[in-house]
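A.B. asks: The structure under discussion is supplied below as structure tokens; questions concerning it will follow.
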Amino acid sequence: MLRTKKWRFAILAILPTLAIFAWVRMFPIWETLRLSLHRWDILSRDKPFIGLENFRELFQDQLFLNALVNTTIIAFGVLFVTIPAALVIAALIYHRTRSRFAGFYETTVFIPHIVSLVPAAMAWKWIFDANLGPLNAVLEFFGIPGQAWLFDPVLSVICIIILCSWQALGYAVLIYLVGFKNLPHTLFEAAKLDGASGIQRFFFISVPLLRPITLYVSVVTLISGFNVYAQAFVLASDSQGAPGRLVRVLVLDMLENAFRNYRVGYAASEAVILLCIVLVLTLVQFGLLREKWNR
């Protein structure tokens with residue numbers, strides 16, 4: 001009887017939180033799914049049900065396909081830059097935790113993660129500026145010709161990857177530091193007694209033991225990469241200065257279709273595609289973790 005009362009109290013206690021979560025999170029998802037099946041034009045009173053027509057049109061839309069390709073390249077580019085860099089930086093900071101500057105190192109690495117996106121992107125836009133940017137000045141100092149970083153589609157993608165990696169690095173390092181601090185020291189001491197070098201201990205003990213954290217950070221980084229918007233909007237302007245046109249990404253394409261072209265249903269179908277990508281990545285994460293735990 002007492003156990004039943006405890007369960008009833010627990011359920012009643014979390015009901016308000018579940019209701020808020022359903023209203024704030026689940027209802028918008030449901031509404032987006034519903035809108036994606038309609039020709040929902042803001043300027044039209046008729047909003048007919050058209051089934052999967054929006055999705056069929058999406059995969060014939062060259063702008064959407066370009067945005068999907070660009071976003072995928074950026075997301076995986078950020079992943080391949082952030083994960084190795086974060087792992088190495090976290091290892092260096094962890095082995096210097098006895099230093100009085102350890103807190104300074106951790107704070108310095110984490111600051112980019114909490115800086116507002118737009119000011120950070122504006123600062124990087126100045127760095128990549130072809131005429132006044134310090135990056136080209138450094139290249140020219142070493143005899144390397146400067147590049148029009150923000151006016152070339154390929155170079156613009158690289159610039160966005162650099163900016164996104166710079167911002168994602170702090171969070172990844174923080175998570176890896178938590179992992180390093182919870183590794184069993186006895187394994188490292190035994191390996192050291194057996195003559196294993198620091199690099200060998202890192203690659204053959206630390207990296208395998210940190211695999212669950214690597215999987216978590218990888219999925220979070222990929223999801224963040226697929227939601228890239230402000231970085232592309234600020235950095236990737238076309239030759240006429242229109243924001244975000246040189247490198248089109250999914251979120252930007254979605255917002256333009258919804259609020260510039262007034263095709264809300266079409267934009268909702270893009271949001272559904274993005275949701276499916278995030279769900280697939282999450283399922284991959286849980287599948288890999290379950291495989292690791294079952295060994």
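Labeling convention for the structure tokens: chains A, B, ... as they appear, residues from 1 per chain, ligands from 1 in order of appearance.
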Residues at most 9 Å from range 53-55 of chain A, counting only C-alpha atoms, excluding those fewer than 5 positions away in the same chain, as a CSV table (one decimal) with C-alpha atoms, in the first residue's frame?

C.D. replies:
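The resulting file, around_12.csv, is shown below:
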```
chain,number,residue,atom,x,y,z
A,36,SER,CA,4.1,19.2,-43.8
A,37,LEU,CA,1.2,17.3,-45.2
A,38,HIS,CA,-0.6,20.5,-46.3
A,39,ARG,CA,-0.1,23.2,-48.8
A,60,GLN,CA,13.4,17.7,-56.9
A,265,GLY,CA,3.9,23.6,-45.3
A,266,TYR,CA,6.9,23.2,-47.6
A,267,ALA,CA,9.3,24.5,-44.8
A,268,ALA,CA,7.6,22.2,-42.3
A,269,SER,CA,8.5,19.2,-44.6
A,270,GLU,CA,12.2,20.4,-44.5
A,273,ILE,CA,13.6,15.8,-42.8
```

A.B. asks: Find the spatial neighbours of Leu235 in chain A, counting only C-alpha atoms, within a cut-off of 12 Å - ignore same-chain residues fewer than 6 positions away - and output them as a PyMOL selection string.

C.D. replies: chain A and resi 117-129+149-153+155-164+228-229+241-248

A.B. asks: Emit the selected residues as a tab-separated table (two decimals), in the first residue's frame, including N, CA and C atoms.

C.D. replies:
```tsv
chain	number	residue	atom	x	y	z
A	117	LEU	N	26.50	33.63	-30.71
A	117	LEU	CA	26.87	33.21	-32.07
A	117	LEU	C	27.16	34.38	-32.99
A	118	VAL	N	26.28	35.37	-33.00
A	118	VAL	CA	26.42	36.46	-33.98
A	118	VAL	C	27.68	37.29	-33.74
A	119	PRO	N	27.95	37.76	-32.51
A	119	PRO	CA	29.23	38.49	-32.30
A	119	PRO	C	30.45	37.64	-32.64
A	120	ALA	N	30.40	36.35	-32.30
A	120	ALA	CA	31.54	35.47	-32.63
A	120	ALA	C	31.70	35.36	-34.14
A	121	ALA	N	30.58	35.21	-34.85
A	121	ALA	CA	30.66	35.10	-36.31
A	121	ALA	C	31.16	36.40	-36.94
A	122	MET	N	30.76	37.53	-36.37
A	122	MET	CA	31.26	38.81	-36.89
A	122	MET	C	32.77	38.94	-36.68
A	123	ALA	N	33.25	38.48	-35.53
A	123	ALA	CA	34.69	38.53	-35.28
A	123	ALA	C	35.45	37.64	-36.26
A	124	TRP	N	34.94	36.46	-36.51
A	124	TRP	CA	35.57	35.56	-37.48
A	124	TRP	C	35.45	36.09	-38.90
A	125	LYS	N	34.37	36.80	-39.19
A	125	LYS	CA	34.24	37.40	-40.52
A	125	LYS	C	35.35	38.42	-40.75
A	126	TRP	N	35.70	39.16	-39.70
A	126	TRP	CA	36.83	40.10	-39.81
A	126	TRP	C	38.15	39.34	-40.00
A	127	ILE	N	38.31	38.22	-39.29
A	127	ILE	CA	39.53	37.42	-39.43
A	127	ILE	C	39.69	36.90	-40.85
A	128	PHE	N	38.58	36.48	-41.46
A	128	PHE	CA	38.63	35.91	-42.81
A	128	PHE	C	38.53	36.97	-43.91
A	129	ASP	N	38.42	38.24	-43.55
A	129	ASP	CA	38.28	39.28	-44.56
A	129	ASP	C	39.47	39.27	-45.52
A	149	TRP	N	38.39	34.24	-48.79
A	149	TRP	CA	37.79	33.18	-47.98
A	149	TRP	C	36.27	33.19	-48.03
A	150	LEU	N	35.67	34.35	-47.97
A	150	LEU	CA	34.22	34.43	-47.81
A	150	LEU	C	33.49	34.66	-49.12
A	151	PHE	N	34.19	34.57	-50.24
A	151	PHE	CA	33.55	34.78	-51.53
A	151	PHE	C	33.75	33.59	-52.47
A	152	ASP	N	34.21	32.50	-51.93
A	152	ASP	CA	34.35	31.26	-52.68
A	152	ASP	C	33.53	30.19	-51.97
A	153	PRO	N	32.65	29.46	-52.68
A	153	PRO	CA	31.78	28.50	-52.01
A	153	PRO	C	32.53	27.44	-51.20
A	155	LEU	N	35.75	27.58	-49.98
A	155	LEU	CA	36.45	28.20	-48.86
A	155	LEU	C	35.47	28.67	-47.79
A	156	SER	N	34.29	29.11	-48.21
A	156	SER	CA	33.28	29.55	-47.24
A	156	SER	C	32.82	28.39	-46.36
A	157	VAL	N	32.67	27.21	-46.96
A	157	VAL	CA	32.31	26.02	-46.17
A	157	VAL	C	33.41	25.72	-45.15
A	158	ILE	N	34.67	25.83	-45.58
A	158	ILE	CA	35.79	25.60	-44.66
A	158	ILE	C	35.76	26.61	-43.52
A	159	CYS	N	35.47	27.87	-43.84
A	159	CYS	CA	35.39	28.91	-42.79
A	159	CYS	C	34.29	28.59	-41.79
A	160	ILE	N	33.13	28.14	-42.28
A	160	ILE	CA	32.03	27.79	-41.38
A	160	ILE	C	32.41	26.61	-40.50
A	161	ILE	N	33.11	25.62	-41.08
A	161	ILE	CA	33.56	24.47	-40.29
A	161	ILE	C	34.52	24.92	-39.19
A	162	ILE	N	35.43	25.82	-39.52
A	162	ILE	CA	36.39	26.33	-38.52
A	162	ILE	C	35.65	27.03	-37.39
A	163	LEU	N	34.71	27.90	-37.74
A	163	LEU	CA	33.95	28.64	-36.72
A	163	LEU	C	33.14	27.70	-35.84
A	164	CYS	N	32.43	26.75	-36.46
A	164	CYS	CA	31.61	25.81	-35.69
A	164	CYS	C	32.47	24.92	-34.80
A	228	VAL	N	23.19	24.14	-38.01
A	228	VAL	CA	23.97	25.36	-38.26
A	228	VAL	C	23.11	26.37	-39.01
A	229	TYR	N	23.16	27.62	-38.55
A	229	TYR	CA	22.39	28.68	-39.21
A	229	TYR	C	23.09	30.03	-39.13
A	241	GLY	N	26.24	40.72	-51.32
A	241	GLY	CA	26.17	40.97	-49.89
A	241	GLY	C	24.95	40.38	-49.21
A	242	ALA	N	24.16	39.57	-49.93
A	242	ALA	CA	22.99	38.95	-49.31
A	242	ALA	C	23.44	37.88	-48.31
A	243	PRO	N	23.00	37.95	-47.05
A	243	PRO	CA	23.50	37.02	-46.03
A	243	PRO	C	23.14	35.58	-46.34
A	244	GLY	N	24.09	34.69	-46.10
A	244	GLY	CA	23.82	33.27	-46.15
A	244	GLY	C	23.51	32.69	-47.52
A	245	ARG	N	23.72	33.42	-48.60
A	245	ARG	CA	23.34	32.92	-49.92
A	245	ARG	C	24.45	32.10	-50.57
A	246	LEU	N	25.71	32.38	-50.25
A	246	LEU	CA	26.81	31.68	-50.91
A	246	LEU	C	26.85	30.21	-50.49
A	247	VAL	N	26.62	29.95	-49.21
A	247	VAL	CA	26.55	28.58	-48.70
A	247	VAL	C	25.17	28.40	-48.07
A	248	ARG	N	24.31	27.73	-48.78
A	248	ARG	CA	22.95	27.54	-48.29
A	248	ARG	C	22.91	26.32	-47.38
```

A.B. asks: Near Trp166 in chain A, within 8 Å and counting only C-alpha atoms, which residues show up once chain neighbours fewer than 4 positions away are dropped, as number ranges by chain?

C.D. replies: A: 82, 112-113, 162, 170

A.B. asks: Report the distance between CA of Ala172 in chain A and CA of Val220 in chain A in Å, rounded to one decimal place.

C.D. replies: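 Taking CA of Ala172 in chain A and CA of Val220 in chain A, their separation equals 9.1 Å.
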
A.B. asks: Name the residues in contact with Pro184 in chain A at a cut-off of 12 Å, using only C-alpha atoms, excluding same-chain residues fewer than 3 positions from it; report them as a list in words.

C.D. replies: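 Non-adjacent residues within range: Gly179, Phe180, Lys181, Leu187, Phe188, Glu189, Ala190, Ala191, Ile205, Ser206, Leu209 and Leu210 of chain A.
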
A.B. asks: Suppose we keep C-alpha atoms; can you now write the selection as a tab-separated table (two decimals), in the first residue's frame?

C.D. replies:
```
chain	number	residue	atom	x	y	z
A	179	GLY	CA	35.74	11.11	-18.55
A	180	PHE	CA	39.48	11.40	-17.92
A	181	LYS	CA	38.90	12.12	-14.24
A	187	LEU	CA	45.39	0.45	-15.36
A	188	PHE	CA	47.71	3.36	-16.11
A	189	GLU	CA	50.02	2.45	-13.24
A	190	ALA	CA	50.20	-1.18	-14.39
A	191	ALA	CA	50.89	-0.12	-17.98
A	205	ILE	CA	43.92	2.67	-22.57
A	206	SER	CA	42.40	6.16	-22.55
A	209	LEU	CA	37.81	3.51	-22.25
A	210	LEU	CA	36.48	6.88	-23.41
```

A.B. asks: Which residue out of A:Gln231, A:Pro16, A:Thr186, A:Asp61 has the minimum interatomic distance to Ile74 in chain A when only C-alpha atoms are used?

C.D. replies: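 Of A:Gln231, A:Pro16, A:Thr186, A:Asp61, the one nearest Ile74 in chain A is A:Gln231, counting only C-alpha atoms.
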
A.B. asks: In Å, with one decimal, what is the gap from CA of Ile89 in chain A to CA of Gly225 in chain A?

C.D. replies: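 According to the coordinates, CA of Ile89 in chain A and CA of Gly225 in chain A are separated by 20.6 Å.
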
A.B. asks: Rank nothing, just name the residue among A:Arg260, A:Ala19, A:Leu68, A:Leu52 nearest to Arg34 in chain A, using only C-alpha atoms.

C.D. replies: A:Leu52

A.B. asks: Rounded to one decimal in Å, what is the spacing between CA of Glu256 in chain A and CA of Ala130 in chain A?

C.D. replies: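 According to the coordinates, CA of Glu256 in chain A and CA of Ala130 in chain A are separated by 28.0 Å.
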
A.B. asks: A:Leu274, A:Ala13, A:Val173, A:Val264: which is nearest Pro84 in chain A, counting only C-alpha atoms?

C.D. replies: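 Looking only at the distances to Pro84 in chain A, the closest residue turns out to be A:Val173.
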
A.B. asks: Name all residues at most 9 Å from Ile213 in chain A (count only C-alpha atoms; drop same-chain ones fewer than 5 positions away) and give them as a list in words.

C.D. replies: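 So, after excluding close chain neighbours, the residues are Ile175, Tyr176, Gly179 and Ser218 of chain A.
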